[in-house]
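Below: my_file_32.cif (mmCIF, C-alpha atoms (C1' of nucleotides))
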data_my_file
#
loop_
_atom_site.label_atom_id
_atom_site.label_comp_id
_atom_site.auth_asym_id
_atom_site.auth_seq_id
_atom_site.Cartn_x
_atom_site.Cartn_y
_atom_site.Cartn_z
CA MET A 1 -2.18 62.01 -108.17
CA PRO A 2 -1.58 58.30 -108.48
CA SER A 3 -3.77 57.03 -111.29
CA ASN A 4 -5.26 53.60 -110.91
CA GLN A 5 -2.80 52.50 -113.59
CA ARG A 6 0.27 53.47 -111.61
CA ILE A 7 -1.08 51.82 -108.48
CA LEU A 8 -1.76 48.63 -110.39
CA ASP A 9 1.67 48.76 -112.01
CA LEU A 10 3.39 48.92 -108.65
CA ALA A 11 1.13 46.33 -107.06
CA GLU A 12 1.71 44.02 -109.99
CA ARG A 13 5.46 44.15 -109.62
CA LEU A 14 5.17 43.58 -105.89
CA VAL A 15 2.96 40.53 -106.30
CA GLN A 16 5.25 39.18 -109.00
CA THR A 17 8.24 39.38 -106.70
CA ARG A 18 6.84 39.02 -103.16
CA GLY A 19 3.36 37.59 -103.56
CA TYR A 20 -0.07 38.86 -102.59
CA ASN A 21 0.55 38.28 -98.89
CA GLY A 22 4.02 39.76 -99.22
CA PHE A 23 3.10 43.35 -99.97
CA SER A 24 0.96 46.02 -98.33
CA TYR A 25 -0.64 49.35 -99.13
CA ALA A 26 2.27 50.91 -97.27
CA ASP A 27 4.71 49.61 -99.88
CA ILE A 28 2.79 51.19 -102.73
CA ALA A 29 2.16 54.40 -100.83
CA ALA A 30 5.87 54.79 -100.12
CA SER A 31 6.78 54.29 -103.79
CA LEU A 32 4.21 56.85 -104.91
CA GLY A 33 4.94 59.32 -102.13
CA VAL A 34 1.37 59.35 -100.86
CA THR A 35 -0.36 58.01 -97.77
CA LYS A 36 -2.04 54.65 -97.41
CA ALA A 37 -5.39 56.35 -96.93
CA SER A 38 -5.32 57.91 -100.38
CA LEU A 39 -4.83 54.49 -101.94
CA HIS A 40 -8.05 53.34 -100.33
CA TYR A 41 -9.83 56.04 -102.32
CA HIS A 42 -8.79 54.24 -105.52
CA PHE A 43 -9.07 50.68 -104.24
CA PRO A 44 -11.20 50.52 -101.08
CA ALA A 45 -10.22 46.92 -100.36
CA LYS A 46 -7.07 44.97 -101.10
CA ALA A 47 -9.13 42.06 -102.37
CA ALA A 48 -10.63 44.26 -105.09
CA LEU A 49 -7.18 45.48 -106.07
CA GLY A 50 -6.03 41.88 -106.29
CA LYS A 51 -8.95 40.86 -108.44
CA GLU A 52 -8.40 43.74 -110.84
CA LEU A 53 -4.72 42.85 -110.94
CA ILE A 54 -5.51 39.41 -112.31
CA GLY A 55 -8.12 40.75 -114.72
CA ARG A 56 -5.73 43.27 -116.21
CA TYR A 57 -2.92 40.72 -116.39
CA GLU A 58 -5.14 38.29 -118.23
CA ARG A 59 -6.35 40.91 -120.69
CA ASN A 60 -2.78 41.90 -121.49
CA PHE A 61 -1.72 38.28 -121.77
CA LEU A 62 -4.56 37.34 -124.10
CA ALA A 63 -3.74 40.39 -126.21
CA ALA A 64 -0.17 39.14 -126.48
CA LEU A 65 -1.45 35.73 -127.56
CA ALA A 66 -3.66 37.36 -130.20
CA ALA A 67 -0.60 39.23 -131.44
CA ILE A 68 1.26 35.94 -131.77
CA ASP A 69 -1.60 34.49 -133.79
CA ALA A 70 -1.52 37.54 -136.05
CA GLU A 71 2.23 37.58 -136.58
CA VAL A 72 3.32 33.97 -136.58
CA ARG A 73 2.08 30.99 -138.55
CA LYS A 74 4.09 27.92 -137.58
CA PRO A 75 2.91 26.16 -134.42
CA ARG A 76 6.43 25.72 -133.13
CA ASP A 77 7.16 29.40 -133.57
CA LYS A 78 3.99 30.20 -131.71
CA LEU A 79 5.16 28.04 -128.83
CA ARG A 80 8.53 29.76 -128.88
CA ARG A 81 6.89 33.14 -128.71
CA TYR A 82 4.67 31.90 -125.89
CA ALA A 83 7.67 30.76 -123.88
CA GLY A 84 9.37 34.01 -124.80
CA ILE A 85 6.76 35.96 -122.87
CA TYR A 86 7.70 34.05 -119.72
CA ALA A 87 11.38 34.59 -120.43
CA GLU A 88 10.90 38.35 -120.73
CA VAL A 89 9.03 38.52 -117.44
CA LEU A 90 11.78 36.53 -115.76
CA ALA A 91 14.45 38.77 -117.30
CA GLU A 92 12.79 41.71 -115.53
CA GLY A 93 13.27 39.91 -112.24
CA ARG A 94 9.62 38.97 -111.97
CA MET A 95 7.63 35.78 -111.72
CA CYS A 96 4.37 35.16 -113.55
CA LEU A 97 1.71 36.99 -111.55
CA CYS A 98 -0.61 34.02 -111.64
CA GLY A 99 2.09 31.49 -110.86
CA MET A 100 2.79 33.40 -107.65
CA LEU A 101 -0.89 33.55 -106.82
CA ALA A 102 -1.29 29.84 -107.52
CA ALA A 103 1.13 29.15 -104.68
CA GLU A 104 -0.87 31.39 -102.36
CA TYR A 105 -4.16 29.96 -103.60
CA ALA A 106 -5.44 28.71 -100.25
CA THR A 107 -5.09 32.14 -98.65
CA LEU A 108 -6.68 34.19 -101.45
CA PRO A 109 -10.14 35.79 -101.43
CA LYS A 110 -12.71 33.74 -103.33
CA ALA A 111 -13.01 36.34 -106.09
CA MET A 112 -9.29 36.12 -106.76
CA GLN A 113 -9.34 32.32 -106.79
CA GLN A 114 -12.05 32.43 -109.43
CA GLU A 115 -10.16 34.92 -111.61
CA LEU A 116 -7.08 32.76 -111.29
CA ARG A 117 -8.83 29.62 -112.53
CA HIS A 118 -10.12 31.60 -115.48
CA TYR A 119 -6.63 32.80 -116.35
CA PHE A 120 -5.20 29.30 -116.46
CA ALA A 121 -8.18 27.92 -118.34
CA GLU A 122 -7.83 30.57 -121.06
CA ASN A 123 -4.12 30.00 -121.18
CA GLU A 124 -4.52 26.30 -121.65
CA ARG A 125 -7.24 26.78 -124.23
CA TRP A 126 -4.95 28.83 -126.46
CA LEU A 127 -2.06 26.41 -126.08
CA ALA A 128 -4.29 23.41 -126.74
CA ALA A 129 -5.49 25.00 -129.99
CA VAL A 130 -1.91 25.60 -131.12
CA LEU A 131 -0.92 22.05 -130.24
CA ASP A 132 -3.96 20.55 -131.91
CA HIS A 133 -3.41 22.47 -135.14
CA GLY A 134 0.26 21.64 -135.07
CA ARG A 135 -0.39 17.95 -134.72
CA ARG A 136 -3.01 17.91 -137.46
CA ALA A 137 -0.58 19.73 -139.74
CA GLY A 138 2.09 17.16 -138.94
CA GLU A 139 4.44 19.75 -137.49
CA LEU A 140 4.03 18.71 -133.87
CA ALA A 141 3.84 15.28 -132.27
CA PHE A 142 2.64 14.22 -128.84
CA LYS A 143 0.49 11.55 -127.29
CA GLY A 144 -2.89 11.98 -125.66
CA SER A 145 -5.06 15.06 -125.71
CA ALA A 146 -3.85 18.51 -126.70
CA ARG A 147 -5.45 19.80 -123.53
CA GLU A 148 -3.28 17.60 -121.36
CA ALA A 149 -0.14 18.45 -123.29
CA ALA A 150 -1.03 22.12 -122.90
CA GLY A 151 -1.46 21.66 -119.16
CA LEU A 152 1.97 20.15 -118.89
CA LEU A 153 3.50 22.98 -120.88
CA VAL A 154 2.04 25.70 -118.67
CA SER A 155 2.92 23.79 -115.51
CA SER A 156 6.49 23.26 -116.60
CA LEU A 157 7.06 26.88 -117.55
CA GLU A 158 5.56 28.15 -114.31
CA GLY A 159 7.60 25.74 -112.24
CA ALA A 160 10.78 26.50 -114.16
CA MET A 161 10.41 30.21 -113.45
CA MET A 162 10.03 29.65 -109.74
CA LEU A 163 12.96 27.32 -109.44
CA ALA A 164 15.16 29.41 -111.70
CA ARG A 165 14.84 32.34 -109.33
CA SER A 166 15.32 30.37 -106.13
CA GLN A 167 18.38 28.68 -107.60
CA GLY A 168 19.79 31.98 -108.81
CA ASN A 169 19.93 30.56 -112.28
CA THR A 170 17.54 32.62 -114.36
CA LYS A 171 19.55 32.01 -117.49
CA ARG A 172 18.78 28.33 -117.61
CA PHE A 173 15.07 29.00 -118.05
CA GLY A 174 15.54 29.58 -121.78
CA ALA A 175 17.25 26.24 -122.23
CA LEU A 176 14.50 24.41 -120.36
CA ALA A 177 11.82 26.11 -122.43
CA GLU A 178 13.56 25.20 -125.66
CA ARG A 179 13.89 21.63 -124.47
CA LEU A 180 10.17 21.49 -123.76
CA ILE A 181 9.32 22.72 -127.24
CA ALA A 182 11.86 20.43 -128.85
CA GLY A 183 10.09 17.53 -127.18
CA LEU A 184 6.98 18.42 -129.15
CA ALA A 185 8.67 18.41 -132.56
CA ALA A 186 7.25 16.01 -135.12
CA MET B 1 3.58 19.28 -73.86
CA PRO B 2 3.98 19.88 -77.51
CA SER B 3 7.16 18.17 -78.61
CA ASN B 4 9.25 19.85 -81.24
CA GLN B 5 8.11 17.11 -83.56
CA ARG B 6 4.44 17.92 -83.23
CA ILE B 7 5.10 21.61 -83.69
CA LEU B 8 7.11 20.92 -86.81
CA ASP B 9 4.44 18.56 -88.12
CA LEU B 10 1.76 21.22 -87.81
CA ALA B 11 3.97 23.98 -89.16
CA GLU B 12 4.92 21.78 -92.09
CA ARG B 13 1.33 21.18 -93.08
CA LEU B 14 0.56 24.88 -92.74
CA VAL B 15 3.46 25.91 -94.97
CA GLN B 16 2.54 23.23 -97.50
CA THR B 17 -0.98 24.58 -97.77
CA ARG B 18 -0.74 28.28 -96.94
CA GLY B 19 2.92 29.17 -97.24
CA TYR B 20 5.46 30.55 -94.78
CA ASN B 21 3.87 33.99 -94.78
CA GLY B 22 0.43 32.43 -94.56
CA PHE B 23 0.66 30.92 -91.10
CA SER B 24 1.46 32.19 -87.63
CA TYR B 25 2.37 30.89 -84.19
CA ALA B 26 -1.26 31.50 -83.29
CA ASP B 27 -2.37 28.84 -85.80
CA ILE B 28 -0.09 26.20 -84.32
CA ALA B 29 -0.90 27.19 -80.75
CA ALA B 30 -4.62 26.85 -81.41
CA SER B 31 -4.18 23.38 -82.92
CA LEU B 32 -2.10 22.23 -79.96
CA GLY B 33 -4.24 23.92 -77.34
CA VAL B 34 -1.37 25.96 -75.93
CA THR B 35 -0.39 29.61 -75.99
CA LYS B 36 1.87 31.33 -78.50
CA ALA B 37 4.37 32.06 -75.73
CA SER B 38 4.99 28.39 -75.04
CA LEU B 39 5.86 27.81 -78.69
CA HIS B 40 8.56 30.42 -78.40
CA TYR B 41 10.17 28.23 -75.77
CA HIS B 42 10.66 25.53 -78.41
CA PHE B 43 11.39 27.81 -81.35
CA PRO B 44 12.39 31.31 -80.19
CA ALA B 45 12.15 32.75 -83.68
CA LYS B 46 9.94 31.86 -86.63
CA ALA B 47 12.94 32.03 -88.94
CA ALA B 48 14.64 29.22 -86.99
CA LEU B 49 11.49 27.14 -87.12
CA GLY B 50 11.37 27.70 -90.88
CA LYS B 51 14.98 26.70 -91.34
CA GLU B 52 14.52 23.52 -89.35
CA LEU B 53 11.39 22.79 -91.36
CA ILE B 54 13.39 22.70 -94.58
CA GLY B 55 16.21 20.71 -93.01
CA ARG B 56 13.89 18.03 -91.73
CA TYR B 57 11.98 17.93 -95.01
CA GLU B 58 15.20 17.45 -96.94
CA ARG B 59 16.44 14.70 -94.65
CA ASN B 60 13.17 12.81 -95.03
CA PHE B 61 13.17 13.35 -98.76
CA LEU B 62 16.73 12.14 -99.20
CA ALA B 63 15.90 9.10 -97.08
CA ALA B 64 13.02 8.36 -99.43
CA LEU B 65 15.36 8.65 -102.40
CA ALA B 66 17.81 6.28 -100.74
CA ALA B 67 14.94 3.84 -100.24
CA ILE B 68 14.15 4.03 -103.92
CA ASP B 69 17.75 3.26 -104.77
CA ALA B 70 17.65 0.29 -102.45
CA GLU B 71 14.37 -1.13 -103.71
CA VAL B 72 14.25 -0.37 -107.40
CA ARG B 73 16.72 -1.04 -110.17
CA LYS B 74 15.31 0.29 -113.45
CA PRO B 75 15.85 4.00 -114.04
CA ARG B 76 12.32 4.48 -115.30
CA ASP B 77 10.89 2.83 -112.22
CA LYS B 78 13.02 5.10 -110.08
CA LEU B 79 11.56 8.10 -111.85
CA ARG B 80 8.06 6.75 -111.35
CA ARG B 81 8.70 6.31 -107.66
CA TYR B 82 10.15 9.81 -107.52
CA ALA B 83 7.05 11.29 -109.12
CA GLY B 84 4.99 9.08 -106.83
CA ILE B 85 6.30 10.95 -103.81
CA TYR B 86 4.92 14.17 -105.21
CA ALA B 87 1.62 12.47 -106.02
CA GLU B 88 1.25 11.24 -102.45
CA VAL B 89 1.88 14.69 -101.03
CA LEU B 90 -0.69 16.15 -103.39
CA ALA B 91 -3.19 13.44 -102.47
CA GLU B 92 -2.95 14.62 -98.87
CA GLY B 93 -3.99 18.06 -100.00
CA ARG B 94 -0.50 19.47 -99.66
CA MET B 95 2.03 21.10 -101.94
CA CYS B 96 5.75 20.39 -101.86
CA LEU B 97 7.12 22.35 -98.91
CA CYS B 98 9.99 23.69 -100.96
CA GLY B 99 7.87 24.49 -103.98
CA MET B 100 5.76 26.73 -101.78
CA LEU B 101 8.85 28.36 -100.31
CA ALA B 102 10.33 28.88 -103.77
CA ALA B 103 7.38 31.12 -104.58
CA GLU B 104 7.96 33.11 -101.41
CA TYR B 105 11.70 33.16 -101.94
CA ALA B 106 12.11 36.96 -102.02
CA THR B 107 10.46 37.35 -98.61
CA LEU B 108 12.30 34.55 -96.79
CA PRO B 109 15.10 34.96 -94.22
CA LYS B 110 18.56 34.41 -95.70
CA ALA B 111 19.06 31.18 -93.78
CA MET B 112 15.92 29.72 -95.28
CA GLN B 113 16.89 30.78 -98.79
CA GLN B 114 20.18 28.96 -98.37
CA GLU B 115 18.53 25.77 -97.12
CA LEU B 116 16.12 25.94 -100.01
CA ARG B 117 18.87 26.14 -102.62
CA HIS B 118 20.51 23.14 -100.99
CA TYR B 119 17.30 21.13 -101.17
CA PHE B 120 16.87 21.71 -104.87
CA ALA B 121 20.53 21.08 -105.59
CA GLU B 122 20.43 17.71 -103.82
CA ASN B 123 17.20 16.86 -105.54
CA GLU B 124 18.61 17.60 -108.93
CA ARG B 125 21.79 15.73 -108.16
CA TRP B 126 19.89 12.51 -107.44
CA LEU B 127 17.73 12.86 -110.52
CA ALA B 128 20.70 13.65 -112.74
CA ALA B 129 22.43 10.49 -111.56
CA VAL B 130 19.38 8.39 -112.36
CA LEU B 131 19.04 10.00 -115.78
CA ASP B 132 22.70 9.61 -116.54
CA HIS B 133 22.77 5.94 -115.60
CA GLY B 134 19.58 5.36 -117.53
CA ARG B 135 20.96 6.88 -120.67
CA ARG B 136 24.24 5.02 -120.44
CA ALA B 137 22.28 1.79 -119.99
CA GLY B 138 20.22 2.61 -123.05
CA GLU B 139 16.98 2.65 -121.08
CA LEU B 140 16.44 6.41 -121.18
CA ALA B 141 16.95 8.91 -123.96
CA PHE B 142 17.21 12.69 -123.85
CA LYS B 143 19.35 15.41 -125.34
CA GLY B 144 21.83 17.62 -123.53
CA SER B 145 23.09 17.22 -120.01
CA ALA B 146 21.47 15.00 -117.40
CA ARG B 147 21.62 17.95 -115.04
CA GLU B 148 19.49 20.08 -117.31
CA ALA B 149 16.99 17.27 -117.91
CA ALA B 150 16.81 16.80 -114.16
CA GLY B 151 16.14 20.48 -113.67
CA LEU B 152 13.27 20.36 -116.11
CA LEU B 153 11.81 17.33 -114.37
CA VAL B 154 11.80 18.95 -110.94
CA SER B 155 10.45 22.20 -112.32
CA SER B 156 7.65 20.49 -114.17
CA LEU B 157 6.55 18.42 -111.20
CA GLU B 158 6.60 21.42 -108.87
CA GLY B 159 4.65 23.54 -111.32
CA ALA B 160 2.16 20.78 -112.02
CA MET B 161 1.37 20.45 -108.32
CA MET B 162 0.68 24.14 -107.94
CA LEU B 163 -1.54 24.39 -110.97
CA ALA B 164 -3.35 21.17 -110.20
CA ARG B 165 -4.52 22.58 -106.90
CA SER B 166 -5.49 26.01 -108.22
CA GLN B 167 -7.42 24.41 -111.05
CA GLY B 168 -9.12 21.98 -108.71
CA ASN B 169 -7.80 19.15 -110.79
CA THR B 170 -5.46 17.20 -108.55
CA LYS B 171 -6.19 13.99 -110.39
CA ARG B 172 -4.54 15.13 -113.57
CA PHE B 173 -1.18 15.40 -111.87
CA GLY B 174 -0.56 11.68 -112.26
CA ALA B 175 -1.18 11.82 -115.98
CA LEU B 176 1.20 14.75 -116.42
CA ALA B 177 3.90 12.98 -114.43
CA GLU B 178 3.54 9.82 -116.48
CA ARG B 179 3.73 11.88 -119.67
CA LEU B 180 6.95 13.47 -118.45
CA ILE B 181 8.53 10.10 -117.77
CA ALA B 182 7.26 8.65 -121.04
CA GLY B 183 9.08 11.48 -122.80
CA LEU B 184 12.35 10.14 -121.41
CA ALA B 185 11.86 6.57 -122.66
CA ALA B 186 14.55 5.22 -124.93
"C1'" DG C 1 -8.18 63.23 -104.26
"C1'" DT C 2 -5.28 63.59 -100.58
"C1'" DC C 3 -4.47 64.44 -95.96
"C1'" DT C 4 -4.32 63.45 -90.50
"C1'" DA C 5 -5.83 60.62 -87.19
"C1'" DT C 6 -7.34 56.55 -85.56
"C1'" DA C 7 -9.72 52.27 -85.03
"C1'" DG C 8 -9.39 47.29 -84.48
"C1'" DG C 9 -6.90 43.46 -85.44
"C1'" DT C 10 -2.86 40.40 -85.90
"C1'" DG C 11 2.05 39.64 -86.39
"C1'" DG C 12 6.45 37.94 -83.85
"C1'" DA C 13 8.58 38.26 -79.60
"C1'" DT C 14 9.83 38.96 -74.40
"C1'" DA C 15 9.50 39.19 -69.06
"C1'" DG C 16 8.49 37.01 -65.19
"C1'" DA C 17 5.31 34.14 -62.27
"C1'" DC C 18 4.22 29.37 -61.55
"C1'" DG D 1 7.52 24.04 -70.01
"C1'" DT D 2 3.59 26.60 -69.85
"C1'" DC D 3 1.21 30.40 -68.36
"C1'" DT D 4 -0.44 35.68 -68.16
"C1'" DA D 5 0.54 39.95 -69.49
"C1'" DT D 6 2.48 42.98 -72.40
"C1'" DC D 7 5.29 45.33 -76.14
"C1'" DC D 8 5.80 47.24 -80.49
"C1'" DA D 9 5.42 46.97 -85.26
"C1'" DC D 10 2.51 46.35 -88.91
"C1'" DC D 11 -1.81 45.36 -91.24
"C1'" DT D 12 -6.41 46.72 -93.63
"C1'" DA D 13 -9.72 49.99 -93.32
"C1'" DT D 14 -12.60 54.23 -92.06
"C1'" DA D 15 -13.98 59.09 -90.59
"C1'" DG D 16 -13.76 63.56 -91.48
"C1'" DA D 17 -11.10 67.92 -92.50
"C1'" DC D 18 -9.07 70.32 -96.39
#

For the structure just supplied, provide its representation as structure tokens.
Amino acid sequence: MPSNQRILDLAERLVQTRGYNGFSYADIAASLGVTKASLHYHFPAKAALGKELIGRYERNFLAALAAIDAEVRKPRDKLRRYAGIYAEVLAEGRMCLCGMLAAEYATLPKAMQQELRHYFAENERWLAAVLDHGRRAGELAFKGSAREAAGLLVSSLEGAMMLARSQGNTKRFGALAERLIAGLAA
Amino acid sequence: MPSNQRILDLAERLVQTRGYNGFSYADIAASLGVTKASLHYHFPAKAALGKELIGRYERNFLAALAAIDAEVRKPRDKLRRYAGIYAEVLAEGRMCLCGMLAAEYATLPKAMQQELRHYFAENERWLAAVLDHGRRAGELAFKGSAREAAGLLVSSLEGAMMLARSQGNTKRFGALAERLIAGLAA
DNA sequence: GTCTATAGGTGGATAGAC
DNA sequence: GTCTATCCACCTATAGAC
């Protein structure tokens, strides 16, 4: 009796470690102790599973960002919490789901590509708002648009996760993140 | 009569766009107008092809870095040229070969993982030297070790490439790169 | 909802003729 | 060096019994 939740949980971890093209229904079936066929009852096509994977990930992520807004006031602390989310994921031995999918972008179903763009757009929107407020309040300093600074922040964190894993140096991620935020101090 | 060079050229482009797990001998064979079997004469195993792909990429990259050292003196100009390499690759519709492979790291043959770590280590070594010299000369400014600053630079550029493509915004990469370098100005 | 069985395709790889 | 032919493993997906 694998609920959709459990299937998505396993698929999520697999994509975060091996990528969308790096896992199969057989992997999930083996973990759950069921057959591949029964998974197709819950998710008829892998593309639909993949799309839902991004949707759920984005909902959870946006909820985490809302929690930050509710709990923290200072822009710099918000950025630290934001980077902290990435650090936690990395500490679990995972990559960002959407960072992995961004690398596989050219091979993904159209529906997944669209969901992916939405995820990054929402991400950048939240960061840009934090940066903009921070600059107006005189607590943050950077040149150019907040949007562009936000884009660089997301890019850097995603890239740092990837390279941290492949260099077997997951600890350094925290230092790089802190350096990024320090560079935005007023 | 596909020379090893032509095979590697095609495989390289495929990995840079679709990833190591996203291409097959069939793709290369079709492009060259030969059969899969004849490719196995040149590269018996895909893993060996992949390893050679990284080795060749690294040799070319290090040669480009040596050219920069020979042609440019100012640390900041060296960094601009360095980022320019990434920009050119992106302009061709490609990702960095090793950035793509870093995302697929967990699924790669051991030999490829090893080559990959070497690539990033060499990369960081060159950048750290530039940063260190620049700081000593008073032309660059940053906190902490040059090694760590170099790591952040590589990570950010790799991440920015990935996200630029998935957001359909390859033009912005140049602006992000310039912003990164500007942040290191003395 | 889960199973067995299977279809139809593609993956990397090999043997042996030419 | 390239071909045909083939192997075996794996993939996503479906049909139909239970």

Which residues of chain C come within 12 Å of chain B, and what is each one's closest atom pair and distance in Å (one decimal), counting only C-alpha atoms (C1' of nucleotides), sorted by chain and residue number, as a tab-separated table?
residue	atom	partner	partner_atom	distance
C:DT10	C1'	B:Ala26	CA	9.4
C:DG11	C1'	B:Ser24	CA	7.6
C:DG12	C1'	B:Lys46	CA	7.5
C:DA13	C1'	B:Ala45	CA	7.7
C:DT14	C1'	B:Ala37	CA	8.9
C:DA15	C1'	B:Ala37	CA	11.0

Counting all atoms listed in the file, chain A residues within 9 Å of chain B, as a PDB file with C-alpha atoms, in the frame of the given file:
ATOM      1  CA  THR A  17       8.240  39.380-106.700  1.00  0.00           C
ATOM      2  CA  ARG A  18       6.840  39.020-103.160  1.00  0.00           C
ATOM      3  CA  GLY A  19       3.360  37.590-103.560  1.00  0.00           C
ATOM      4  CA  ASN A  21       0.550  38.280 -98.890  1.00  0.00           C
ATOM      5  CA  GLY A  22       4.020  39.760 -99.220  1.00  0.00           C
ATOM      6  CA  MET A  95       7.630  35.780-111.720  1.00  0.00           C
ATOM      7  CA  GLY A  99       2.090  31.490-110.860  1.00  0.00           C
ATOM      8  CA  MET A 100       2.790  33.400-107.650  1.00  0.00           C
ATOM      9  CA  LEU A 101      -0.890  33.550-106.820  1.00  0.00           C
ATOM     10  CA  ALA A 102      -1.290  29.840-107.520  1.00  0.00           C
ATOM     11  CA  ALA A 103       1.130  29.150-104.680  1.00  0.00           C
ATOM     12  CA  GLU A 104      -0.870  31.390-102.360  1.00  0.00           C
ATOM     13  CA  TYR A 105      -4.160  29.960-103.600  1.00  0.00           C
ATOM     14  CA  ALA A 106      -5.440  28.710-100.250  1.00  0.00           C
ATOM     15  CA  THR A 107      -5.090  32.140 -98.650  1.00  0.00           C
ATOM     16  CA  GLN A 113      -9.340  32.320-106.790  1.00  0.00           C
ATOM     17  CA  LEU A 116      -7.080  32.760-111.290  1.00  0.00           C
ATOM     18  CA  ARG A 117      -8.830  29.620-112.530  1.00  0.00           C
ATOM     19  CA  HIS A 118     -10.120  31.600-115.480  1.00  0.00           C
ATOM     20  CA  PHE A 120      -5.200  29.300-116.460  1.00  0.00           C
ATOM     21  CA  ALA A 121      -8.180  27.920-118.340  1.00  0.00           C
ATOM     22  CA  LYS A 143       0.490  11.550-127.290  1.00  0.00           C
ATOM     23  CA  GLY A 144      -2.890  11.980-125.660  1.00  0.00           C
ATOM     24  CA  GLU A 148      -3.280  17.600-121.360  1.00  0.00           C
ATOM     25  CA  ALA A 149      -0.140  18.450-123.290  1.00  0.00           C
ATOM     26  CA  GLY A 151      -1.460  21.660-119.160  1.00  0.00           C
ATOM     27  CA  LEU A 152       1.970  20.150-118.890  1.00  0.00           C
ATOM     28  CA  LEU A 153       3.500  22.980-120.880  1.00  0.00           C
ATOM     29  CA  VAL A 154       2.040  25.700-118.670  1.00  0.00           C
ATOM     30  CA  SER A 155       2.920  23.790-115.510  1.00  0.00           C
ATOM     31  CA  SER A 156       6.490  23.260-116.600  1.00  0.00           C
ATOM     32  CA  LEU A 157       7.060  26.880-117.550  1.00  0.00           C
ATOM     33  CA  GLU A 158       5.560  28.150-114.310  1.00  0.00           C
ATOM     34  CA  GLY A 159       7.600  25.740-112.240  1.00  0.00           C
ATOM     35  CA  ALA A 160      10.780  26.500-114.160  1.00  0.00           C
ATOM     36  CA  MET A 161      10.410  30.210-113.450  1.00  0.00           C
ATOM     37  CA  MET A 162      10.030  29.650-109.740  1.00  0.00           C
ATOM     38  CA  LEU A 163      12.960  27.320-109.440  1.00  0.00           C
ATOM     39  CA  ALA A 164      15.160  29.410-111.700  1.00  0.00           C
ATOM     40  CA  ARG A 165      14.840  32.340-109.330  1.00  0.00           C
ATOM     41  CA  SER A 166      15.320  30.370-106.130  1.00  0.00           C
ATOM     42  CA  GLN A 167      18.380  28.680-107.600  1.00  0.00           C
ATOM     43  CA  GLY A 168      19.790  31.980-108.810  1.00  0.00           C
ATOM     44  CA  ARG A 172      18.780  28.330-117.610  1.00  0.00           C
ATOM     45  CA  ALA A 175      17.250  26.240-122.230  1.00  0.00           C
ATOM     46  CA  LEU A 176      14.500  24.410-120.360  1.00  0.00           C
ATOM     47  CA  ALA A 177      11.820  26.110-122.430  1.00  0.00           C
ATOM     48  CA  ARG A 179      13.890  21.630-124.470  1.00  0.00           C
ATOM     49  CA  LEU A 180      10.170  21.490-123.760  1.00  0.00           C
ATOM     50  CA  GLY A 183      10.090  17.530-127.180  1.00  0.00           C
TER      51      GLY A 183
END

- Query: Given the file above and the PyMOL selection byres ((chain D) within 10 of (chain A)), which residues are selected, and can you give them as number ranges by chain?
  - Reply: D: 10-14

- Close residues, His133 (chain B) itself excluded, 10 Å, all atoms listed in the file, min 5 positions apart in chain, as a PyMOL selection string: chain B and resi 74-75+127-128+138-140+146

Residues within 12 Å of Tyr41 (chain A), please, as a compact mmCIF listing (two decimals) with C-alpha atoms (C1' of nucleotides), in the frame of the given file. Count all atoms listed in the file; anything in the same chain fewer than 6 positions from it doesn't count.
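Written output follows (part-v2.txt):
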# COMPACT_ATOMS: atom_id res chain seq x y z
CA MET A 1 -2.18 62.01 -108.17
CA PRO A 2 -1.58 58.30 -108.48
CA SER A 3 -3.77 57.03 -111.29
CA ASN A 4 -5.26 53.60 -110.91
CA ILE A 7 -1.08 51.82 -108.48
CA TYR A 25 -0.64 49.35 -99.13
CA VAL A 34 1.37 59.35 -100.86
CA THR A 35 -0.36 58.01 -97.77
CA LEU A 49 -7.18 45.48 -106.07
C1' DG C 1 -8.18 63.23 -104.26
C1' DT C 2 -5.28 63.59 -100.58
C1' DC C 3 -4.47 64.44 -95.96
C1' DA D 13 -9.72 49.99 -93.32
C1' DT D 14 -12.60 54.23 -92.06

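Every residue that the PyMOL selection byres ((chain D and resi 2) around 6) selects in this file is listed here: Ser38 of chain B; DG1 and DC3 of chain D.
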
- Query: When the PyMOL selection byres ((chain C and resi 5) around 10) is applied to the file above, which residues end up in the set, as a PyMOL selection string?
  - Reply: (chain C and resi 3-4+6-7) or (chain D and resi 15-16)

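With C1' of DA5 (chain D) on one side and CA of Leu14 (chain B) on the other, the separation reads 27.7 Å.
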
Can you tell me which residues surround region 52-59 of chain A at a distance of at most 9 Å, considering only C-alpha atoms (C1' of nucleotides), apart from same-chain residues fewer than 5 positions away, and format the answer as a PDB file with C-alpha atoms, keeping the file's coordinate frame?
ATOM      1  CA  LEU A   8      -1.760  48.630-110.390  1.00  0.00           C
ATOM      2  CA  ASP A   9       1.670  48.760-112.010  1.00  0.00           C
ATOM      3  CA  ALA A  11       1.130  46.330-107.060  1.00  0.00           C
ATOM      4  CA  GLU A  12       1.710  44.020-109.990  1.00  0.00           C
ATOM      5  CA  ALA A  47      -9.130  42.060-102.370  1.00  0.00           C
ATOM      6  CA  ALA A  64      -0.170  39.140-126.480  1.00  0.00           C
ATOM      7  CA  LEU A  97       1.710  36.990-111.550  1.00  0.00           C
ATOM      8  CA  CYS A  98      -0.610  34.020-111.640  1.00  0.00           C
ATOM      9  CA  MET A 112      -9.290  36.120-106.760  1.00  0.00           C
ATOM     10  CA  GLU A 115     -10.160  34.920-111.610  1.00  0.00           C
ATOM     11  CA  LEU A 116      -7.080  32.760-111.290  1.00  0.00           C
ATOM     12  CA  HIS A 118     -10.120  31.600-115.480  1.00  0.00           C
ATOM     13  CA  TYR A 119      -6.630  32.800-116.350  1.00  0.00           C
ATOM     14  CA  GLU A 122      -7.830  30.570-121.060  1.00  0.00           C
ATOM     15  CA  ASN A 123      -4.120  30.000-121.180  1.00  0.00           C
TER      16      ASN A 123
END
